[in-house]
Amino acid sequence: MEASKTSQTPKTPIIQIRNVSKTFRTKDGEVEALKQISLDIQAGDIYGIIGMSGAGKSTLVRCLNFLEKPTEGTVVIDGTDLSACSDKELRKVRNGIAMIFQHFNLLMQRTVLDNVCFSLEILGMKKKDARQKAKELLKVVELEEKADAYPAQLSGGQKQRVAIARALAMDPRILLCDEATSALDPRTTRSILELLSRINREYGITIVIITHEMSVVQEICSHVAIIDGGSLVETGTVEEVFTSPKSKAARRLVFQGEKKTPIMTSKRCIRIVFTENSSFEPVIANMVLECRASVNILLADTQDVGGIARGQMVLQLPEDAQTAERMIQYLKDRKLTVEELDDYVGVDGYVE
């Protein structure tokens, strides 16, 4: 049985974006929001589409279900070419594509339970069955105790959980998340991402996340596409893009800033020792993303110590003392050995 599995040809992607362009006509002329975008997204992936404000990523996500029809090109969902669909066929395809937004889009005059029931009512499900299914979905998003509350009584994170439950009511194969965590604080963002990851894992739903935050992509996505100025400038696994961003836009997003990194003159250096248990996490990349500051790697090697491979790295930290302390604490929290080095960098800025 195993041999037959390995001999199978790769499956067709659940989402195929083919040469998609979108031009808007305004009173000031034409605006080219998307330019010849082509992407494949595999079933079961959590795929990140990231770009700065105005890059075109939100236009792209609306093209995935033809809420925005491309000026050129097409989108194929699970083998169905959306550009060839009638309105009736398009509505049927859309039933399998749910969407959640930054501002939740809940009905303020309805209770939490009734908000989740709303999409089921549109499909014509009996009220009793709809309420039963809605209650089950509220358990999935850990919000069953808020069934009779109104949106105004909820926190931002709770509102987004209701929106997720409402989206799941459609039994979608694909869930589109358009800046779904942008209005949330970091802790709540993490809890929502954990929920989405669990939904992906337990239900096999393909999730596409549109965001401008690299930390969101790092937290949950397996693959990422970088959009800049309406063009696709880079794709790859999250690890590949974090480790070696090739485009200017990707580098800007990894470090979340527009400024060029200056030559470092800080004399504060640390030595980190990696054990066999800590070598699997991209800890330096994660630290840089978490602290929003770069470091200079002065030394990196691996040595055989007592028959065990142990790595060491010497980092030149930022001049800002508070940021340097945060980095040191970040590494210590991950059980790494951290040693401060005196006079590793001389007065002229060169390694001694």
# chains A, B, ... in the order shown; residues from 1 in each chain; ligands from 1

call {"tool": "select_by_dssp", "arguments": {"residues": "segment 97-342 of chain A", "states": "helix (DSSP H, G or I)", "output": "PyMOL selection string"}}
result
chain A and resi 112-122+127-140+144-146+151-153+156-168+186-203+214-220+238-243+248-254+283-291+321-333

call {"tool": "residues_around", "arguments": {"residues": "segment 221-228 of chain A", "least_positions_apart": "5", "cutoff": "8 Å", "atoms": "only C-alpha atoms", "output": "count of residues only"}}
result
21

call {"tool": "residues_around", "arguments": {"residues": "Ser215 of chain A", "least_positions_apart": "4", "cutoff": "8 Å", "atoms": "only C-alpha atoms", "output": "VMD selection string"}}
result
chain A and resid 219 289 to 290

call {"tool": "write_last_selection", "arguments": {"atoms": "C-alpha atoms", "output": "CSV table (one decimal), in the first residue's frame"}}
result
chain,number,residue,atom,x,y,z
A,219,GLU,CA,3.0,31.7,13.5
A,289,LEU,CA,10.9,39.2,14.2
A,290,GLU,CA,9.8,39.4,17.8

call {"tool": "residues_around", "arguments": {"residues": "segment 11-16 of chain A", "least_positions_apart": "4", "cutoff": "6 Å", "atoms": "only C-alpha atoms", "output": "PDB file with C-alpha atoms, in the first residue's frame"}}
result
ATOM      1  CA  LEU A  39      -0.249  30.969  -7.719  1.00  0.00           C
ATOM      2  CA  ASP A  40      -1.054  27.396  -6.677  1.00  0.00           C
ATOM      3  CA  ILE A  41      -2.438  26.571  -3.233  1.00  0.00           C
ATOM      4  CA  GLN A  42      -2.631  22.935  -2.177  1.00  0.00           C
ATOM      5  CA  ALA A  43      -5.579  21.407  -0.317  1.00  0.00           C
ATOM      6  CA  VAL A  75      -9.189  31.363 -10.790  1.00  0.00           C
ATOM      7  CA  VAL A  76      -9.802  27.609 -10.730  1.00  0.00           C
ATOM      8  CA  ILE A  77     -11.331  26.241  -7.510  1.00  0.00           C
ATOM      9  CA  ASP A  78     -11.160  22.471  -7.107  1.00  0.00           C
TER      10      ASP A  78
END

call {"tool": "atom_distance", "arguments": {"atom1": "atom CA of Lys248 of chain A", "atom2": "atom CA of Ser53 of chain A"}}
result
15.6 Å

call {"tool": "atom_distance", "arguments": {"atom1": "atom CA of Arg198 of chain A", "atom2": "atom CA of Pro186 of chain A"}}
result
18.4 Å

call {"tool": "residues_around", "arguments": {"residues": "Arg161 of chain A", "least_positions_apart": "5", "cutoff": "12 Å", "atoms": "only C-alpha atoms", "output": "ChimeraX atom specification"}}
result
/A:100-106,112-113,115-116,137-144,146-147,151,154-156,166-168,180-181,184,188-189,191-196,199

call {"tool": "atom_distance", "arguments": {"atom1": "atom CA of Lys159 of chain A", "atom2": "atom CA of Leu60 of chain A"}}
result
24.8 Å

call {"tool": "select_by_dssp", "arguments": {"residues": "segment 22-125 of chain A", "states": "strand (DSSP E or B)", "output": "PyMOL selection string"}}
result
chain A and resi 22-26+29-41+46-50+72-77+80-81+97-101

call {"tool": "write_last_selection", "arguments": {"atoms": "N, CA, C and O atoms", "output": "CSV table (one decimal), in the first residue's frame"}}
result
chain,number,residue,atom,x,y,z
A,22,LYS,N,-6.1,42.9,-12.4
A,22,LYS,CA,-7.3,43.7,-12.0
A,22,LYS,C,-7.1,45.1,-12.2
A,22,LYS,O,-6.1,45.7,-11.5
A,23,THR,N,-7.8,45.8,-13.0
A,23,THR,CA,-7.7,47.2,-13.2
A,23,THR,C,-9.0,47.9,-12.8
A,23,THR,O,-10.1,47.5,-13.2
A,24,PHE,N,-8.9,48.9,-12.0
A,24,PHE,CA,-10.0,49.7,-11.6
A,24,PHE,C,-10.0,51.1,-12.3
A,24,PHE,O,-8.9,51.7,-12.5
A,25,ARG,N,-11.2,51.5,-12.8
A,25,ARG,CA,-11.3,52.8,-13.4
A,25,ARG,C,-11.9,53.8,-12.5
A,25,ARG,O,-12.9,53.6,-11.9
A,26,THR,N,-11.1,54.9,-12.3
A,26,THR,CA,-11.5,55.9,-11.3
A,26,THR,C,-11.6,57.2,-12.1
A,26,THR,O,-11.2,57.3,-13.3
A,29,GLY,N,-8.4,58.2,-13.5
A,29,GLY,CA,-7.8,57.3,-14.5
A,29,GLY,C,-7.8,55.9,-14.0
A,29,GLY,O,-8.5,55.5,-13.1
A,30,GLU,N,-7.0,55.0,-14.7
A,30,GLU,CA,-7.0,53.6,-14.3
A,30,GLU,C,-6.0,53.3,-13.3
A,30,GLU,O,-4.9,53.9,-13.2
A,31,VAL,N,-6.3,52.4,-12.4
A,31,VAL,CA,-5.4,51.9,-11.3
A,31,VAL,C,-5.3,50.4,-11.5
A,31,VAL,O,-6.2,49.6,-11.4
A,32,GLU,N,-4.0,50.0,-11.7
A,32,GLU,CA,-3.7,48.5,-11.9
A,32,GLU,C,-3.4,47.9,-10.6
A,32,GLU,O,-2.3,48.0,-10.1
A,33,ALA,N,-4.4,47.3,-10.0
A,33,ALA,CA,-4.3,46.7,-8.6
A,33,ALA,C,-3.6,45.4,-8.6
A,33,ALA,O,-2.8,45.1,-7.7
A,34,LEU,N,-3.7,44.6,-9.6
A,34,LEU,CA,-3.1,43.3,-9.7
A,34,LEU,C,-2.5,43.1,-11.1
A,34,LEU,O,-3.1,43.5,-12.1
A,35,LYS,N,-1.3,42.5,-11.2
A,35,LYS,CA,-0.6,42.4,-12.5
A,35,LYS,C,-0.1,41.0,-12.7
A,35,LYS,O,0.9,40.5,-12.1
A,36,GLN,N,-0.9,40.2,-13.5
A,36,GLN,CA,-0.4,38.9,-13.9
A,36,GLN,C,0.0,38.0,-12.8
A,36,GLN,O,1.1,37.4,-12.7
A,37,ILE,N,-0.9,37.8,-11.8
A,37,ILE,CA,-0.6,37.0,-10.6
A,37,ILE,C,-0.9,35.5,-11.0
A,37,ILE,O,-2.0,35.2,-11.4
A,38,SER,N,0.0,34.6,-10.7
A,38,SER,CA,-0.2,33.2,-10.8
A,38,SER,C,0.3,32.5,-9.6
A,38,SER,O,1.5,32.7,-9.1
A,39,LEU,N,-0.6,31.6,-9.0
A,39,LEU,CA,-0.2,31.0,-7.7
A,39,LEU,C,-1.0,29.6,-7.7
A,39,LEU,O,-2.1,29.5,-8.2
A,40,ASP,N,-0.4,28.7,-7.0
A,40,ASP,CA,-1.1,27.4,-6.7
A,40,ASP,C,-1.1,27.2,-5.2
A,40,ASP,O,-0.1,27.4,-4.5
A,41,ILE,N,-2.3,26.8,-4.7
A,41,ILE,CA,-2.4,26.6,-3.2
A,41,ILE,C,-3.0,25.2,-3.1
A,41,ILE,O,-4.0,24.8,-3.6
A,46,ILE,N,-2.2,26.0,5.0
A,46,ILE,CA,-2.4,27.3,5.5
A,46,ILE,C,-1.5,28.3,4.8
A,46,ILE,O,-0.3,28.3,5.0
A,47,TYR,N,-2.0,29.0,3.8
A,47,TYR,CA,-1.2,29.8,2.9
A,47,TYR,C,-1.3,31.3,3.2
A,47,TYR,O,-2.4,31.8,3.3
A,48,GLY,N,-0.2,31.9,3.4
A,48,GLY,CA,-0.2,33.4,3.7
A,48,GLY,C,0.1,34.2,2.4
A,48,GLY,O,1.0,33.9,1.6
A,49,ILE,N,-0.7,35.2,2.2
A,49,ILE,CA,-0.5,36.2,1.2
A,49,ILE,C,-0.2,37.6,1.9
A,49,ILE,O,-1.1,38.1,2.6
A,50,ILE,N,1.0,38.1,1.8
A,50,ILE,CA,1.4,39.2,2.6
A,50,ILE,C,1.9,40.4,1.7
A,50,ILE,O,2.5,40.1,0.7
A,72,GLU,N,-8.3,40.4,-16.3
A,72,GLU,CA,-7.7,39.3,-17.1
A,72,GLU,C,-7.4,38.1,-16.2
A,72,GLU,O,-7.3,38.2,-15.0
A,73,GLY,N,-7.3,36.9,-16.9
A,73,GLY,CA,-6.9,35.7,-16.1
A,73,GLY,C,-8.1,35.1,-15.4
A,73,GLY,O,-9.3,35.6,-15.6
A,74,THR,N,-7.9,34.1,-14.7
A,74,THR,CA,-9.0,33.3,-14.0
A,74,THR,C,-8.5,32.7,-12.7
A,74,THR,O,-7.3,32.6,-12.5
A,75,VAL,N,-9.4,32.1,-12.0
A,75,VAL,CA,-9.2,31.4,-10.8
A,75,VAL,C,-9.9,30.0,-10.9
A,75,VAL,O,-11.1,30.0,-11.3
A,76,VAL,N,-9.2,28.9,-10.7
A,76,VAL,CA,-9.8,27.6,-10.7
A,76,VAL,C,-9.9,27.1,-9.3
A,76,VAL,O,-8.9,27.0,-8.6
A,77,ILE,N,-11.1,26.8,-8.9
A,77,ILE,CA,-11.3,26.2,-7.5
A,77,ILE,C,-11.7,24.8,-7.6
A,77,ILE,O,-12.8,24.5,-8.2
A,80,THR,N,-12.9,23.8,-11.0
A,80,THR,CA,-13.9,24.6,-11.6
A,80,THR,C,-13.4,26.0,-12.0
A,80,THR,O,-12.9,26.7,-11.1
A,81,ASP,N,-13.4,26.3,-13.2
A,81,ASP,CA,-12.9,27.6,-13.7
A,81,ASP,C,-14.0,28.6,-13.5
A,81,ASP,O,-15.1,28.6,-14.1
A,97,ILE,N,-16.7,28.3,-0.1
A,97,ILE,CA,-15.6,29.2,0.2
A,97,ILE,C,-16.1,30.2,1.3
A,97,ILE,O,-16.9,31.1,0.9
A,98,ALA,N,-15.7,30.1,2.5
A,98,ALA,CA,-16.1,31.1,3.6
A,98,ALA,C,-15.1,32.2,3.7
A,98,ALA,O,-13.9,32.0,3.3
A,99,MET,N,-15.5,33.3,4.4
A,99,MET,CA,-14.6,34.4,4.5
A,99,MET,C,-14.8,35.1,5.8
A,99,MET,O,-16.0,35.2,6.3
A,100,ILE,N,-13.7,35.5,6.5
A,100,ILE,CA,-13.8,36.3,7.7
A,100,ILE,C,-13.0,37.6,7.5
A,100,ILE,O,-12.0,37.6,6.7
A,101,PHE,N,-13.4,38.6,8.2
A,101,PHE,CA,-12.8,40.0,7.9
A,101,PHE,C,-12.2,40.6,9.2
A,101,PHE,O,-12.4,40.1,10.3

call {"tool": "decode", "arguments": {"residues": "segment 56-89 of chain A", "atoms": "N, CA and C atoms", "output": "PDB file, in the first residue's frame"}}
result
ATOM      1  N   GLY A  56      -2.198  45.231  -2.943  1.00  0.00           N
ATOM      2  CA  GLY A  56      -3.136  44.528  -3.806  1.00  0.00           C
ATOM      3  C   GLY A  56      -3.619  43.206  -3.241  1.00  0.00           C
ATOM      4  N   LYS A  57      -3.195  42.871  -2.019  1.00  0.00           N
ATOM      5  CA  LYS A  57      -3.513  41.552  -1.460  1.00  0.00           C
ATOM      6  C   LYS A  57      -5.007  41.380  -1.177  1.00  0.00           C
ATOM      7  N   SER A  58      -5.686  42.427  -0.697  1.00  0.00           N
ATOM      8  CA  SER A  58      -7.121  42.303  -0.426  1.00  0.00           C
ATOM      9  C   SER A  58      -7.924  42.190  -1.724  1.00  0.00           C
ATOM     10  N   THR A  59      -7.465  42.863  -2.775  1.00  0.00           N
ATOM     11  CA  THR A  59      -8.105  42.698  -4.087  1.00  0.00           C
ATOM     12  C   THR A  59      -7.941  41.258  -4.561  1.00  0.00           C
ATOM     13  N   LEU A  60      -6.749  40.691  -4.335  1.00  0.00           N
ATOM     14  CA  LEU A  60      -6.499  39.321  -4.756  1.00  0.00           C
ATOM     15  C   LEU A  60      -7.414  38.343  -4.039  1.00  0.00           C
ATOM     16  N   VAL A  61      -7.600  38.511  -2.735  1.00  0.00           N
ATOM     17  CA  VAL A  61      -8.431  37.548  -2.001  1.00  0.00           C
ATOM     18  C   VAL A  61      -9.886  37.632  -2.456  1.00  0.00           C
ATOM     19  N   ARG A  62     -10.348  38.807  -2.856  1.00  0.00           N
ATOM     20  CA  ARG A  62     -11.718  38.938  -3.357  1.00  0.00           C
ATOM     21  C   ARG A  62     -11.853  38.350  -4.761  1.00  0.00           C
ATOM     22  N   CYS A  63     -10.740  38.240  -5.462  1.00  0.00           N
ATOM     23  CA  CYS A  63     -10.769  37.568  -6.764  1.00  0.00           C
ATOM     24  C   CYS A  63     -10.836  36.047  -6.613  1.00  0.00           C
ATOM     25  N   LEU A  64     -10.468  35.534  -5.445  1.00  0.00           N
ATOM     26  CA  LEU A  64     -10.453  34.085  -5.263  1.00  0.00           C
ATOM     27  C   LEU A  64     -11.849  33.485  -5.284  1.00  0.00           C
ATOM     28  N   ASN A  65     -12.867  34.288  -4.919  1.00  0.00           N
ATOM     29  CA  ASN A  65     -14.245  33.792  -5.022  1.00  0.00           C
ATOM     30  C   ASN A  65     -15.076  34.618  -6.006  1.00  0.00           C
ATOM     31  N   PHE A  66     -14.357  35.424  -6.798  1.00  0.00           N
ATOM     32  CA  PHE A  66     -14.975  36.253  -7.838  1.00  0.00           C
ATOM     33  C   PHE A  66     -15.962  37.279  -7.280  1.00  0.00           C
ATOM     34  N   LEU A  67     -15.779  37.680  -6.020  1.00  0.00           N
ATOM     35  CA  LEU A  67     -16.475  38.879  -5.554  1.00  0.00           C
ATOM     36  C   LEU A  67     -15.954  40.076  -6.344  1.00  0.00           C
ATOM     37  N   GLU A  68     -14.685  40.005  -6.722  1.00  0.00           N
ATOM     38  CA  GLU A  68     -14.101  40.899  -7.725  1.00  0.00           C
ATOM     39  C   GLU A  68     -13.731  40.044  -8.924  1.00  0.00           C
ATOM     40  N   LYS A  69     -14.291  40.337 -10.071  1.00  0.00           N
ATOM     41  CA  LYS A  69     -13.951  39.562 -11.259  1.00  0.00           C
ATOM     42  C   LYS A  69     -12.690  40.148 -11.895  1.00  0.00           C
ATOM     43  N   PRO A  70     -11.678  39.326 -12.125  1.00  0.00           N
ATOM     44  CA  PRO A  70     -10.437  39.828 -12.716  1.00  0.00           C
ATOM     45  C   PRO A  70     -10.677  40.465 -14.084  1.00  0.00           C
ATOM     46  N   THR A  71      -9.884  41.477 -14.375  1.00  0.00           N
ATOM     47  CA  THR A  71      -9.905  42.067 -15.707  1.00  0.00           C
ATOM     48  C   THR A  71      -9.332  41.089 -16.719  1.00  0.00           C
ATOM     49  N   GLU A  72      -8.312  40.360 -16.296  1.00  0.00           N
ATOM     50  CA  GLU A  72      -7.709  39.309 -17.113  1.00  0.00           C
ATOM     51  C   GLU A  72      -7.424  38.111 -16.221  1.00  0.00           C
ATOM     52  N   GLY A  73      -7.305  36.928 -16.854  1.00  0.00           N
ATOM     53  CA  GLY A  73      -6.945  35.735 -16.110  1.00  0.00           C
ATOM     54  C   GLY A  73      -8.144  35.105 -15.421  1.00  0.00           C
ATOM     55  N   THR A  74      -7.872  34.053 -14.675  1.00  0.00           N
ATOM     56  CA  THR A  74      -8.961  33.343 -14.011  1.00  0.00           C
ATOM     57  C   THR A  74      -8.479  32.668 -12.742  1.00  0.00           C
ATOM     58  N   VAL A  75      -9.447  32.137 -11.995  1.00  0.00           N
ATOM     59  CA  VAL A  75      -9.189  31.363 -10.790  1.00  0.00           C
ATOM     60  C   VAL A  75      -9.918  30.038 -10.940  1.00  0.00           C
ATOM     61  N   VAL A  76      -9.215  28.947 -10.665  1.00  0.00           N
ATOM     62  CA  VAL A  76      -9.802  27.609 -10.730  1.00  0.00           C
ATOM     63  C   VAL A  76      -9.887  27.071  -9.309  1.00  0.00           C
ATOM     64  N   ILE A  77     -11.103  26.766  -8.852  1.00  0.00           N
ATOM     65  CA  ILE A  77     -11.331  26.241  -7.510  1.00  0.00           C
ATOM     66  C   ILE A  77     -11.731  24.782  -7.628  1.00  0.00           C
ATOM     67  N   ASP A  78     -10.870  23.914  -7.120  1.00  0.00           N
ATOM     68  CA  ASP A  78     -11.160  22.471  -7.107  1.00  0.00           C
ATOM     69  C   ASP A  78     -11.605  21.978  -8.489  1.00  0.00           C
ATOM     70  N   GLY A  79     -10.910  22.466  -9.525  1.00  0.00           N
ATOM     71  CA  GLY A  79     -11.189  22.027 -10.892  1.00  0.00           C
ATOM     72  C   GLY A  79     -12.225  22.838 -11.642  1.00  0.00           C
ATOM     73  N   THR A  80     -12.887  23.782 -10.962  1.00  0.00           N
ATOM     74  CA  THR A  80     -13.919  24.597 -11.608  1.00  0.00           C
ATOM     75  C   THR A  80     -13.371  25.972 -11.968  1.00  0.00           C
ATOM     76  N   ASP A  81     -13.393  26.303 -13.243  1.00  0.00           N
ATOM     77  CA  ASP A  81     -12.934  27.607 -13.724  1.00  0.00           C
ATOM     78  C   ASP A  81     -14.025  28.636 -13.454  1.00  0.00           C
ATOM     79  N   LEU A  82     -13.768  29.563 -12.528  1.00  0.00           N
ATOM     80  CA  LEU A  82     -14.794  30.525 -12.127  1.00  0.00           C
ATOM     81  C   LEU A  82     -15.191  31.452 -13.261  1.00  0.00           C
ATOM     82  N   SER A  83     -14.278  31.722 -14.175  1.00  0.00           N
ATOM     83  CA  SER A  83     -14.598  32.628 -15.283  1.00  0.00           C
ATOM     84  C   SER A  83     -15.599  32.006 -16.255  1.00  0.00           C
ATOM     85  N   ALA A  84     -15.729  30.674 -16.208  1.00  0.00           N
ATOM     86  CA  ALA A  84     -16.656  29.984 -17.110  1.00  0.00           C
ATOM     87  C   ALA A  84     -17.993  29.663 -16.438  1.00  0.00           C
ATOM     88  N   CYS A  85     -18.166  30.081 -15.189  1.00  0.00           N
ATOM     89  CA  CYS A  85     -19.375  29.739 -14.429  1.00  0.00           C
ATOM     90  C   CYS A  85     -20.514  30.720 -14.704  1.00  0.00           C
ATOM     91  N   SER A  86     -21.724  30.193 -14.730  1.00  0.00           N
ATOM     92  CA  SER A  86     -22.903  31.055 -14.711  1.00  0.00           C
ATOM     93  C   SER A  86     -23.077  31.596 -13.290  1.00  0.00           C
ATOM     94  N   ASP A  87     -23.969  32.557 -13.121  1.00  0.00           N
ATOM     95  CA  ASP A  87     -24.203  33.111 -11.787  1.00  0.00           C
ATOM     96  C   ASP A  87     -24.636  32.017 -10.807  1.00  0.00           C
ATOM     97  N   LYS A  88     -25.488  31.102 -11.270  1.00  0.00           N
ATOM     98  CA  LYS A  88     -25.958  30.016 -10.413  1.00  0.00           C
ATOM     99  C   LYS A  88     -24.816  29.088 -10.031  1.00  0.00           C
ATOM    100  N   GLU A  89     -23.969  28.752 -10.996  1.00  0.00           N
ATOM    101  CA  GLU A  89     -22.822  27.879 -10.725  1.00  0.00           C
ATOM    102  C   GLU A  89     -21.832  28.567  -9.791  1.00  0.00           C
TER     103      GLU A  89
END
